[in-house]
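A quick write-up on the structure given underneath.
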Amino acid sequence: MAELLKTKNNECSKEGVSRVYFKIADVTLALTSADPKLKLRIDGSVEKFVTDGKDPDMFIWAAWEKLEKETSGDKLFDSGDLWQLYYDCGFYHFRFTSPASGKIPYKVARVRKDFKRGGVLLHRPYFDQDQPIYPLEYPLDELLINNFLLSGRGIEVHTSGVVDAQGNGHLFVGHSGAGKSTMAKLWHDEPDAKILSDDRIILRNSGERIWMYGTPWHGDAGFASPERAPLTRIYFLKKGQKNALHLKRKAEAVERLFTCSFSSFYRTEAIDFSLGFLGKVAKAVPCCELSFVPDKRVIEFIKKLEN
Amino acid sequence: MAVKDRHRKAPDNTANLKQKSKKIYTKPELKQVPLRPQESVLGFCKNDNTYGPVISTCDNIGLVCHTLGS
């Protein structure tokens with residue numbers, strides 16, 4: 001049985017807006033309220049990514065609705081706990097339920113299969129209608145951006161990302177508990193180093209280079225930056241007795257990147273793109289396994305490599 | 001004659017070069033990749049341990065997440 005509780009973020013005093021734009025990894029999303037009574041707000045770190053409304057790539061509206069138990073279309077995927085995916089007549093339907101909402105979803109996002117346009121329907125009885133809402137609450141914002149990127153544009157990976165004083169982009173890859181946040185915190189004390197994220201980085205290529213972008217979906221250390229940097233080296237994290245580096249073969253690097261990526265396992269073309277793109281990434285920069293001791297010495301160790 | 005020259009057999013060293021540049025055959029193998037499904041599909045909660053709608057007044061009511069990840 002799930003327990004009810006009060007959250008830390010009481011946003012009641014904030015007035016809402018009817019339209020907001022944010023830009024993540026050079027993808028601009030326009031979020032619009034389709035109902036004058038539905039005021040929007042932006043949650044947490046997404047605030048850092050708010051931008052002006054120049055040439056949005058994605059248009060998402062939000063509205064109140066009285067949702068039904070059933071969601072139309074063929075069920076394609078079930079994430080296990082938070083969301084399920086349906087497909088119907090050229091539209092993906094992301095259905096969000098919680099134990100408190102029972103069988104009726106608390107929201108359904110209907111998006112065109114190119115992920116450029118869509119709407120979020122919020123089940124009116126479940127919400128306080130006087131309060132501004134963030135309709136793209138996690139994980140919907142991440143699912144939408146990821147799926148848009150996976151149509152040939154880029155990929156999100158489970159990594160922390162750091163830019164050193166020389167502008168080199170270091171990517172620290174690993175599952176939960178591997179040391180991504182630890183590494184970000186260690187770099188945070190370095191003069192002129194910038195932390196793009198301690199948990200999620202988006203990779204895209206532009207020109208001849210692979211770029212790493214910060215995202216709002218941070219980890220325990222809370223680092224989330226809208227900036228980008230050219231990718232210089234990839235480190236697969238492994239806690240060890242001493243600091244050591246082992247170069248990985250390209251195929252192994254792709255395999256390890258793929259296991260730590262957020263690909264759309266329910267879209268064949270997205271898997272194809274992911275593998276191809278990660279192949280390009282592994283070809284573009286050195287990929288190494290980094291055994292490390294979680295203290296300052298590992299930063300010096302990495303800096304020496306660059307010198 | 002010029003025509004005859006053109007049809008002359010390639011010297012043996014070309015064949016040797018081809019031999020040298022040939023990649024060593026590696027037998028394809030199936031490898032199991034360790035995925036963490038709930039992490040990979042964003043099927044877990046992040047950070048604040050809660051998810052779901054805001055119900056009633058200023059007290060945001062969410063649900064404690066039993067599948068927390070980062």
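Chain identifiers are assigned as A, B, and so on, following the order in which chains appear in the structure tokens; residues are numbered from 1 within each chain, and ligands are numbered from 1 in order of appearance.
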### Message
Give me the residues near segment 27-36 of chain A as a VMD selection string, where near means some atom within 8 Å (using only C-alpha atoms) and where sequence neighbours in that chain fewer than 4 positions away do not count.
### Response
chain A and resid 18 to 23 40 53 to 64 145
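Using only C-alpha atoms, the protein and nucleic acid residues lying no more than 10 Å from segment 189-191 of chain A, apart from those fewer than 5 places from it along its own chain, are A:Asp164, A:Ala165, A:Ala184, A:Lys296, A:Ile299.
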With only C-alpha atoms as the basis for distance, which of A:Phe127, A:Phe91, A:Ser151, A:Lys48 is at the shortest distance from Thr268 of chain A?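 That would be A:Ser151, the residue with the smallest distance to Thr268 of chain A.
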Go through segment 102-161 of chain A residue by residue and, counting only C-alpha atoms, keep those with an atom at most 9 Å from segment 270-280 of chain A; for each kept residue give the shortest atom pair and its distance in Å to one decimal, ordered by chain and increasing number, as CSV.
```
residue,atom,partner,partner_atom,distance
A:Asn147,CA,A:Ala270,CA,7.9
A:Leu150,CA,A:Ala270,CA,5.3
A:Ser151,CA,A:Ala270,CA,6.3
A:Gly152,CA,A:Phe273,CA,6.2
A:Arg153,CA,A:Phe273,CA,8.9
A:Gly154,CA,A:Phe277,CA,7.5
A:Ile155,CA,A:Ser274,CA,6.8
```
key: Atom pair atom CA of Arg95 of chain A / atom CA of Val108 of chain A: separation (Å)   =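 Taking atom CA of Arg95 of chain A as the start and atom CA of Val108 of chain A as the end point, the length is 4.6 Å.
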TODO: Select from segment 97-244 of chain A everything DSSP, run on the backbone, classes as alpha helix (DSSP H), then give the selection as a ChimeraX atom specification.
DONE: /A:140-149,180-188
Can I get the selection written as a short mmCIF file (atom, residue, chain, number, x, y, z; two decimals), in the first residue's frame, with N, CA and C atoms?
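Final output, saved to selection_33.cif:
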```cif
data_model
loop_
_atom_site.label_atom_id
_atom_site.label_comp_id
_atom_site.auth_asym_id
_atom_site.auth_seq_id
_atom_site.Cartn_x
_atom_site.Cartn_y
_atom_site.Cartn_z
N LEU A 140 7.46 12.53 -17.77
CA LEU A 140 6.92 12.85 -19.10
C LEU A 140 7.84 13.79 -19.89
N ASP A 141 8.36 14.84 -19.25
CA ASP A 141 9.23 15.76 -20.00
C ASP A 141 10.42 15.01 -20.60
N GLU A 142 10.99 14.11 -19.80
CA GLU A 142 12.16 13.35 -20.25
C GLU A 142 11.78 12.38 -21.37
N LEU A 143 10.63 11.75 -21.24
CA LEU A 143 10.19 10.81 -22.28
C LEU A 143 9.97 11.54 -23.61
N LEU A 144 9.37 12.73 -23.55
CA LEU A 144 9.09 13.46 -24.79
C LEU A 144 10.37 13.93 -25.47
N ILE A 145 11.25 14.53 -24.68
CA ILE A 145 12.51 15.03 -25.27
C ILE A 145 13.33 13.85 -25.81
N ASN A 146 13.40 12.78 -25.04
CA ASN A 146 14.20 11.61 -25.48
C ASN A 146 13.68 11.04 -26.78
N ASN A 147 12.38 10.87 -26.88
CA ASN A 147 11.81 10.30 -28.09
C ASN A 147 12.01 11.22 -29.29
N PHE A 148 11.92 12.51 -29.07
CA PHE A 148 12.17 13.46 -30.15
C PHE A 148 13.62 13.34 -30.62
N LEU A 149 14.54 13.26 -29.65
CA LEU A 149 15.96 13.15 -29.99
C LEU A 149 16.26 11.84 -30.73
N LYS A 180 28.67 8.54 -10.20
CA LYS A 180 28.50 9.71 -11.08
C LYS A 180 28.40 11.01 -10.25
N SER A 181 27.55 10.97 -9.24
CA SER A 181 27.39 12.16 -8.39
C SER A 181 28.66 12.44 -7.60
N THR A 182 29.32 11.39 -7.13
CA THR A 182 30.57 11.54 -6.38
C THR A 182 31.60 12.27 -7.25
N MET A 183 31.71 11.83 -8.49
CA MET A 183 32.67 12.43 -9.42
C MET A 183 32.31 13.91 -9.66
N ALA A 184 31.02 14.19 -9.83
CA ALA A 184 30.59 15.57 -10.07
C ALA A 184 30.93 16.45 -8.86
N LYS A 185 30.72 15.93 -7.67
CA LYS A 185 31.02 16.70 -6.45
C LYS A 185 32.52 16.97 -6.33
N LEU A 186 33.34 15.97 -6.68
CA LEU A 186 34.80 16.16 -6.60
C LEU A 186 35.26 17.25 -7.57
N TRP A 187 34.68 17.25 -8.77
CA TRP A 187 35.05 18.26 -9.77
C TRP A 187 34.53 19.65 -9.40
N HIS A 188 33.46 19.66 -8.64
CA HIS A 188 32.82 20.93 -8.30
C HIS A 188 33.78 21.87 -7.55
#
```
Contacts of Ile104 of chain A within 8 Å, only C-alpha atoms, excl. fewer than 6 positions in-chain, as number ranges by chain = A: 67-70, 97
Would you mind listing what lies within 8 Å of Arg228 of chain A as a ChimeraX atom specification, with only C-alpha atoms counted and same-chain residues fewer than 3 positions away left out?
-> /A:25,196,211-214
Between atom CA of Gly167 of chain A and atom CA of Asn243 of chain A lies a distance of 22.8 Å
*Could you please write out, as a PyMOL selection string, every residue of segment 120-190 of chain A that DSSP assigns to strand (DSSP E)?*
chain A and resi 120-123+155-157+159-163+169-173
Suppose we keep N, CA and C atoms; can you now write the selection as a PDB file, in the first residue's frame?
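Dumped to out.pdb:
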```
ATOM      1  N   VAL A 120      -1.447  17.066 -23.390  1.00  0.00           N
ATOM      2  CA  VAL A 120      -1.504  16.332 -22.121  1.00  0.00           C
ATOM      3  C   VAL A 120      -2.870  16.569 -21.503  1.00  0.00           C
ATOM      4  N   LEU A 121      -3.582  15.501 -21.242  1.00  0.00           N
ATOM      5  CA  LEU A 121      -4.900  15.603 -20.614  1.00  0.00           C
ATOM      6  C   LEU A 121      -4.765  15.227 -19.146  1.00  0.00           C
ATOM      7  N   LEU A 122      -5.174  16.139 -18.287  1.00  0.00           N
ATOM      8  CA  LEU A 122      -5.047  15.915 -16.845  1.00  0.00           C
ATOM      9  C   LEU A 122      -6.422  15.591 -16.279  1.00  0.00           C
ATOM     10  N   HIS A 123      -6.512  14.523 -15.525  1.00  0.00           N
ATOM     11  CA  HIS A 123      -7.809  14.109 -14.972  1.00  0.00           C
ATOM     12  C   HIS A 123      -8.216  15.104 -13.873  1.00  0.00           C
ATOM     13  N   ILE A 155      20.959  11.348 -28.198  1.00  0.00           N
ATOM     14  CA  ILE A 155      20.579  10.331 -27.215  1.00  0.00           C
ATOM     15  C   ILE A 155      20.949  10.795 -25.803  1.00  0.00           C
ATOM     16  N   GLU A 156      20.118  10.403 -24.849  1.00  0.00           N
ATOM     17  CA  GLU A 156      20.417  10.719 -23.446  1.00  0.00           C
ATOM     18  C   GLU A 156      21.107   9.517 -22.812  1.00  0.00           C
ATOM     19  N   VAL A 157      22.156   9.798 -22.043  1.00  0.00           N
ATOM     20  CA  VAL A 157      22.884   8.700 -21.386  1.00  0.00           C
ATOM     21  C   VAL A 157      22.975   8.942 -19.877  1.00  0.00           C
ATOM     22  N   THR A 159      24.901   9.419 -17.206  1.00  0.00           N
ATOM     23  CA  THR A 159      26.265   9.826 -16.949  1.00  0.00           C
ATOM     24  C   THR A 159      26.284  11.163 -16.208  1.00  0.00           C
ATOM     25  N   SER A 160      27.412  11.445 -15.596  1.00  0.00           N
ATOM     26  CA  SER A 160      27.638  12.829 -15.181  1.00  0.00           C
ATOM     27  C   SER A 160      28.588  13.443 -16.205  1.00  0.00           C
ATOM     28  N   GLY A 161      28.508  14.738 -16.351  1.00  0.00           N
ATOM     29  CA  GLY A 161      29.309  15.416 -17.363  1.00  0.00           C
ATOM     30  C   GLY A 161      29.992  16.644 -16.782  1.00  0.00           C
ATOM     31  N   VAL A 162      31.297  16.741 -17.045  1.00  0.00           N
ATOM     32  CA  VAL A 162      32.108  17.807 -16.465  1.00  0.00           C
ATOM     33  C   VAL A 162      32.926  18.476 -17.563  1.00  0.00           C
ATOM     34  N   VAL A 163      33.059  19.794 -17.470  1.00  0.00           N
ATOM     35  CA  VAL A 163      33.924  20.523 -18.398  1.00  0.00           C
ATOM     36  C   VAL A 163      35.097  21.073 -17.591  1.00  0.00           C
ATOM     37  N   GLY A 169      35.418  18.185 -22.421  1.00  0.00           N
ATOM     38  CA  GLY A 169      34.218  17.570 -21.847  1.00  0.00           C
ATOM     39  C   GLY A 169      34.485  16.132 -21.439  1.00  0.00           C
ATOM     40  N   HIS A 170      34.297  15.827 -20.167  1.00  0.00           N
ATOM     41  CA  HIS A 170      34.517  14.469 -19.646  1.00  0.00           C
ATOM     42  C   HIS A 170      33.169  13.852 -19.294  1.00  0.00           C
ATOM     43  N   LEU A 171      32.979  12.634 -19.742  1.00  0.00           N
ATOM     44  CA  LEU A 171      31.709  11.952 -19.503  1.00  0.00           C
ATOM     45  C   LEU A 171      31.966  10.749 -18.593  1.00  0.00           C
ATOM     46  N   PHE A 172      31.281  10.689 -17.447  1.00  0.00           N
ATOM     47  CA  PHE A 172      31.471   9.596 -16.491  1.00  0.00           C
ATOM     48  C   PHE A 172      30.226   8.722 -16.497  1.00  0.00           C
ATOM     49  N   VAL A 173      30.351   7.529 -17.060  1.00  0.00           N
ATOM     50  CA  VAL A 173      29.195   6.679 -17.339  1.00  0.00           C
ATOM     51  C   VAL A 173      29.021   5.613 -16.257  1.00  0.00           C
TER      52      VAL A 173
END
```
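Nearest-residue note for chain A: choosing from B:Thr26, B:Gln32, B:Ser40, B:Ser21, the minimum distance belongs to B:Ser40, counting only C-alpha atoms.
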